[in-house]
Amino acid sequence: MSRLKYDYSKDHHAVETLGGLEALEAVKEQVATLDLPPCPFCGGEAVVGLWSSYGQPTAAVECAHCHSRTVTGGDSYNYLTERQSTLEDAINTAAQRWSMRRATA
């Protein structure tokens, strides 16, 4: 089963926002290599969701069962490091945030 939340290849807008089918394939390959632990709240499977924010692709890791998720992040420019982040960076950051989560209840 894919670790992506949806089959984005069937969504023309999502494919266009990501930069085409080749970019989507690169995202699929990256997501397949992630080591995502189960949801800390319900034990559900963790999946990567992609969204569009102001026309830019963004990503978050979400539980397929209870829909708990990380903060959504995307392409951005960091003025402190003078570095442009990419969707790949956003996916990695979301995966790191997910892996650090702990149930509080």
# chains A, B, ... in the order shown; residues from 1 in each chain; ligands from 1
$ residues_around --residues "Asp11 in chain A" --least-positions-apart "4" --cutoff "12 Å" --atoms "only C-alpha atoms" --output "ChimeraX atom specification"
/A:6-7,15-18,20-21,24,50-51
$ write_last_selection --atoms "all heavy atoms" --output "mmCIF file, in the first residue's frame"
data_model
loop_
_atom_site.group_PDB
_atom_site.id
_atom_site.type_symbol
_atom_site.label_atom_id
_atom_site.label_comp_id
_atom_site.auth_asym_id
_atom_site.auth_seq_id
_atom_site.Cartn_x
_atom_site.Cartn_y
_atom_site.Cartn_z
ATOM 1 N N TYR A 6 -3.576 9.829 -0.714
ATOM 2 C CA TYR A 6 -4.435 9.609 -1.872
ATOM 3 C C TYR A 6 -3.591 9.200 -3.067
ATOM 4 O O TYR A 6 -2.373 9.344 -3.059
ATOM 5 C CB TYR A 6 -5.189 10.890 -2.256
ATOM 6 C CG TYR A 6 -6.038 11.478 -1.179
ATOM 7 C CD1 TYR A 6 -5.731 12.714 -0.613
ATOM 8 C CD2 TYR A 6 -7.184 10.822 -0.732
ATOM 9 C CE1 TYR A 6 -6.523 13.275 0.369
ATOM 10 C CE2 TYR A 6 -7.979 11.378 0.258
ATOM 11 C CZ TYR A 6 -7.639 12.602 0.801
ATOM 12 O OH TYR A 6 -8.413 13.143 1.777
ATOM 13 N N ASP A 7 -4.270 8.766 -4.140
ATOM 14 C CA ASP A 7 -3.606 8.536 -5.419
ATOM 15 C C ASP A 7 -3.650 9.867 -6.168
ATOM 16 O O ASP A 7 -4.605 10.166 -6.883
ATOM 17 C CB ASP A 7 -4.319 7.439 -6.215
ATOM 18 C CG ASP A 7 -3.631 7.163 -7.539
ATOM 19 O OD1 ASP A 7 -2.578 7.778 -7.821
ATOM 20 O OD2 ASP A 7 -4.162 6.347 -8.305
ATOM 21 N N VAL A 15 -1.281 17.155 -9.612
ATOM 22 C CA VAL A 15 -0.132 16.874 -10.483
ATOM 23 C C VAL A 15 0.467 18.176 -11.004
ATOM 24 O O VAL A 15 1.684 18.358 -11.011
ATOM 25 C CB VAL A 15 -0.548 15.946 -11.652
ATOM 26 C CG1 VAL A 15 0.570 15.829 -12.674
ATOM 27 C CG2 VAL A 15 -0.929 14.575 -11.131
ATOM 28 N N GLU A 16 -0.389 19.104 -11.393
ATOM 29 C CA GLU A 16 0.083 20.396 -11.897
ATOM 30 C C GLU A 16 0.807 21.181 -10.802
ATOM 31 O O GLU A 16 1.871 21.756 -11.036
ATOM 32 C CB GLU A 16 -1.113 21.201 -12.411
ATOM 33 C CG GLU A 16 -0.735 22.504 -13.066
ATOM 34 C CD GLU A 16 -1.956 23.228 -13.600
ATOM 35 O OE1 GLU A 16 -2.733 22.615 -14.344
ATOM 36 O OE2 GLU A 16 -2.118 24.416 -13.246
ATOM 37 N N THR A 17 0.248 21.193 -9.586
ATOM 38 C CA THR A 17 0.863 21.912 -8.473
ATOM 39 C C THR A 17 2.232 21.336 -8.120
ATOM 40 O O THR A 17 3.164 22.065 -7.788
ATOM 41 C CB THR A 17 -0.058 21.872 -7.232
ATOM 42 O OG1 THR A 17 -1.304 22.485 -7.573
ATOM 43 C CG2 THR A 17 0.560 22.600 -6.062
ATOM 44 N N LEU A 18 2.359 19.999 -8.200
ATOM 45 C CA LEU A 18 3.631 19.343 -7.873
ATOM 46 C C LEU A 18 4.682 19.526 -8.967
ATOM 47 O O LEU A 18 5.859 19.295 -8.723
ATOM 48 C CB LEU A 18 3.408 17.853 -7.628
ATOM 49 C CG LEU A 18 2.676 17.511 -6.347
ATOM 50 C CD1 LEU A 18 2.302 16.041 -6.335
ATOM 51 C CD2 LEU A 18 3.523 17.853 -5.136
ATOM 52 N N GLY A 20 4.193 18.164 -12.291
ATOM 53 C CA GLY A 20 4.087 17.110 -13.290
ATOM 54 C C GLY A 20 4.208 15.721 -12.704
ATOM 55 O O GLY A 20 4.487 15.527 -11.517
ATOM 56 N N LEU A 21 3.971 14.731 -13.577
ATOM 57 C CA LEU A 21 3.999 13.335 -13.141
ATOM 58 C C LEU A 21 5.378 12.884 -12.677
ATOM 59 O O LEU A 21 5.491 12.077 -11.762
ATOM 60 C CB LEU A 21 3.496 12.426 -14.264
ATOM 61 C CG LEU A 21 1.987 12.477 -14.523
ATOM 62 C CD1 LEU A 21 1.622 11.659 -15.758
ATOM 63 C CD2 LEU A 21 1.221 11.986 -13.313
ATOM 64 N N LEU A 24 5.757 13.944 -9.169
ATOM 65 C CA LEU A 24 4.935 13.095 -8.314
ATOM 66 C C LEU A 24 5.615 11.752 -8.087
ATOM 67 O O LEU A 24 5.607 11.231 -6.969
ATOM 68 C CB LEU A 24 3.550 12.898 -8.920
ATOM 69 C CG LEU A 24 2.600 11.981 -8.150
ATOM 70 C CD1 LEU A 24 2.366 12.495 -6.728
ATOM 71 C CD2 LEU A 24 1.279 11.848 -8.888
ATOM 72 N N LEU A 50 -0.559 15.504 0.793
ATOM 73 C CA LEU A 50 -0.079 16.658 0.038
ATOM 74 C C LEU A 50 -1.235 17.618 -0.173
ATOM 75 O O LEU A 50 -2.355 17.195 -0.452
ATOM 76 C CB LEU A 50 0.478 16.216 -1.321
ATOM 77 C CG LEU A 50 1.591 15.173 -1.287
ATOM 78 C CD1 LEU A 50 1.932 14.738 -2.702
ATOM 79 C CD2 LEU A 50 2.814 15.719 -0.578
ATOM 80 N N TRP A 51 -0.979 18.901 -0.040
ATOM 81 C CA TRP A 51 -1.975 19.935 -0.232
ATOM 82 C C TRP A 51 -1.376 21.051 -1.055
ATOM 83 O O TRP A 51 -0.178 21.074 -1.323
ATOM 84 C CB TRP A 51 -2.417 20.510 1.117
ATOM 85 C CG TRP A 51 -3.204 19.556 1.938
ATOM 86 C CD1 TRP A 51 -4.552 19.379 1.922
ATOM 87 C CD2 TRP A 51 -2.686 18.633 2.905
ATOM 88 N NE1 TRP A 51 -4.901 18.392 2.813
ATOM 89 C CE2 TRP A 51 -3.776 17.921 3.417
ATOM 90 C CE3 TRP A 51 -1.424 18.318 3.366
ATOM 91 C CZ2 TRP A 51 -3.651 16.938 4.386
ATOM 92 C CZ3 TRP A 51 -1.278 17.336 4.316
ATOM 93 C CH2 TRP A 51 -2.388 16.660 4.825
#
$ residues_around --residues "Arg69 in chain A" --least-positions-apart "5" --cutoff "8 Å" --atoms "only C-alpha atoms" --output "ChimeraX atom specification"
/A:60-63,98
$ residues_around --residues "Lys5 in chain A" --least-positions-apart "2" --cutoff "6 Å" --atoms "only C-alpha atoms" --output "list in words"
Val47, Val48 and Gly49 of chain A
$ write_last_selection --atoms "N, CA, C and O atoms" --output "mmCIF file, in the first residue's frame"
data_model
loop_
_atom_site.group_PDB
_atom_site.id
_atom_site.type_symbol
_atom_site.label_atom_id
_atom_site.label_comp_id
_atom_site.auth_asym_id
_atom_site.auth_seq_id
_atom_site.Cartn_x
_atom_site.Cartn_y
_atom_site.Cartn_z
ATOM 1 N N VAL A 47 0.424 8.234 7.105
ATOM 2 C CA VAL A 47 0.479 8.477 5.667
ATOM 3 C C VAL A 47 0.892 9.927 5.432
ATOM 4 O O VAL A 47 0.736 10.780 6.302
ATOM 5 N N VAL A 48 1.429 10.191 4.241
ATOM 6 C CA VAL A 48 1.830 11.545 3.873
ATOM 7 C C VAL A 48 0.720 12.151 3.015
ATOM 8 O O VAL A 48 0.304 11.562 2.021
ATOM 9 N N GLY A 49 0.256 13.311 3.442
ATOM 10 C CA GLY A 49 -0.759 14.039 2.681
ATOM 11 C C GLY A 49 -0.129 15.239 2.010
ATOM 12 O O GLY A 49 0.743 15.898 2.571
#
$ closest_residue --among "A:Glu29, A:Glu45, A:Ser68, A:Leu36" --to "Ser99 in chain A" --atoms "only C-alpha atoms"
A:Leu36
$ residues_around --residues "Leu87 in chain A" --least-positions-apart "4" --cutoff "7 Å" --atoms "only C-alpha atoms" --output "compact mmCIF listing (two decimals) with C-alpha atoms, in the first residue's frame"
# COMPACT_ATOMS: atom_id res chain seq x y z
CA PRO A 57 2.69 22.24 -2.69
CA THR A 58 2.72 21.48 1.04
CA GLY A 74 5.97 23.52 2.09
CA ASP A 75 8.38 25.37 -0.13
CA ILE A 91 8.18 15.97 3.66
$ select_by_dssp --residues "chain A" --states "strand (DSSP E)" --output "mmCIF file with C-alpha atoms, in the first residue's frame"
data_model
loop_
_atom_site.group_PDB
_atom_site.id
_atom_site.type_symbol
_atom_site.label_atom_id
_atom_site.label_comp_id
_atom_site.auth_asym_id
_atom_site.auth_seq_id
_atom_site.Cartn_x
_atom_site.Cartn_y
_atom_site.Cartn_z
ATOM 1 C CA ALA A 46 0.906 7.079 9.185
ATOM 2 C CA VAL A 47 0.479 8.477 5.667
ATOM 3 C CA VAL A 48 1.830 11.545 3.873
ATOM 4 C CA GLY A 49 -0.759 14.039 2.681
ATOM 5 C CA LEU A 50 -0.079 16.658 0.038
ATOM 6 C CA TRP A 51 -1.975 19.935 -0.232
ATOM 7 C CA SER A 52 -1.772 23.204 -2.099
ATOM 8 C CA SER A 53 -1.332 26.427 -0.147
ATOM 9 C CA GLN A 56 2.490 25.928 -3.622
ATOM 10 C CA PRO A 57 2.692 22.243 -2.687
ATOM 11 C CA THR A 58 2.719 21.483 1.035
ATOM 12 C CA ALA A 59 2.963 18.238 3.018
ATOM 13 C CA ALA A 60 2.109 16.753 6.407
ATOM 14 C CA VAL A 61 2.121 13.312 8.001
ATOM 15 C CA GLU A 62 -1.293 12.160 9.156
ATOM 16 C CA CYS A 63 -2.871 9.126 10.823
ATOM 17 C CA GLY A 73 4.890 22.742 5.629
ATOM 18 C CA GLY A 74 5.970 23.517 2.094
ATOM 19 C CA TYR A 77 12.723 30.727 1.808
ATOM 20 C CA ASN A 78 14.616 30.888 5.095
ATOM 21 C CA ARG A 83 18.253 28.759 1.662
ATOM 22 C CA GLN A 84 15.180 27.866 -0.394
#
$ closest_residue --among "A:Ala14, A:Val71, A:Val27, A:Cys66" --to "Gln96 in chain A" --atoms "only C-alpha atoms"
A:Val71
$ atom_distance --atom1 "CA of Lys10 in chain A" --atom2 "CA of Ala26 in chain A"
16.0 Å
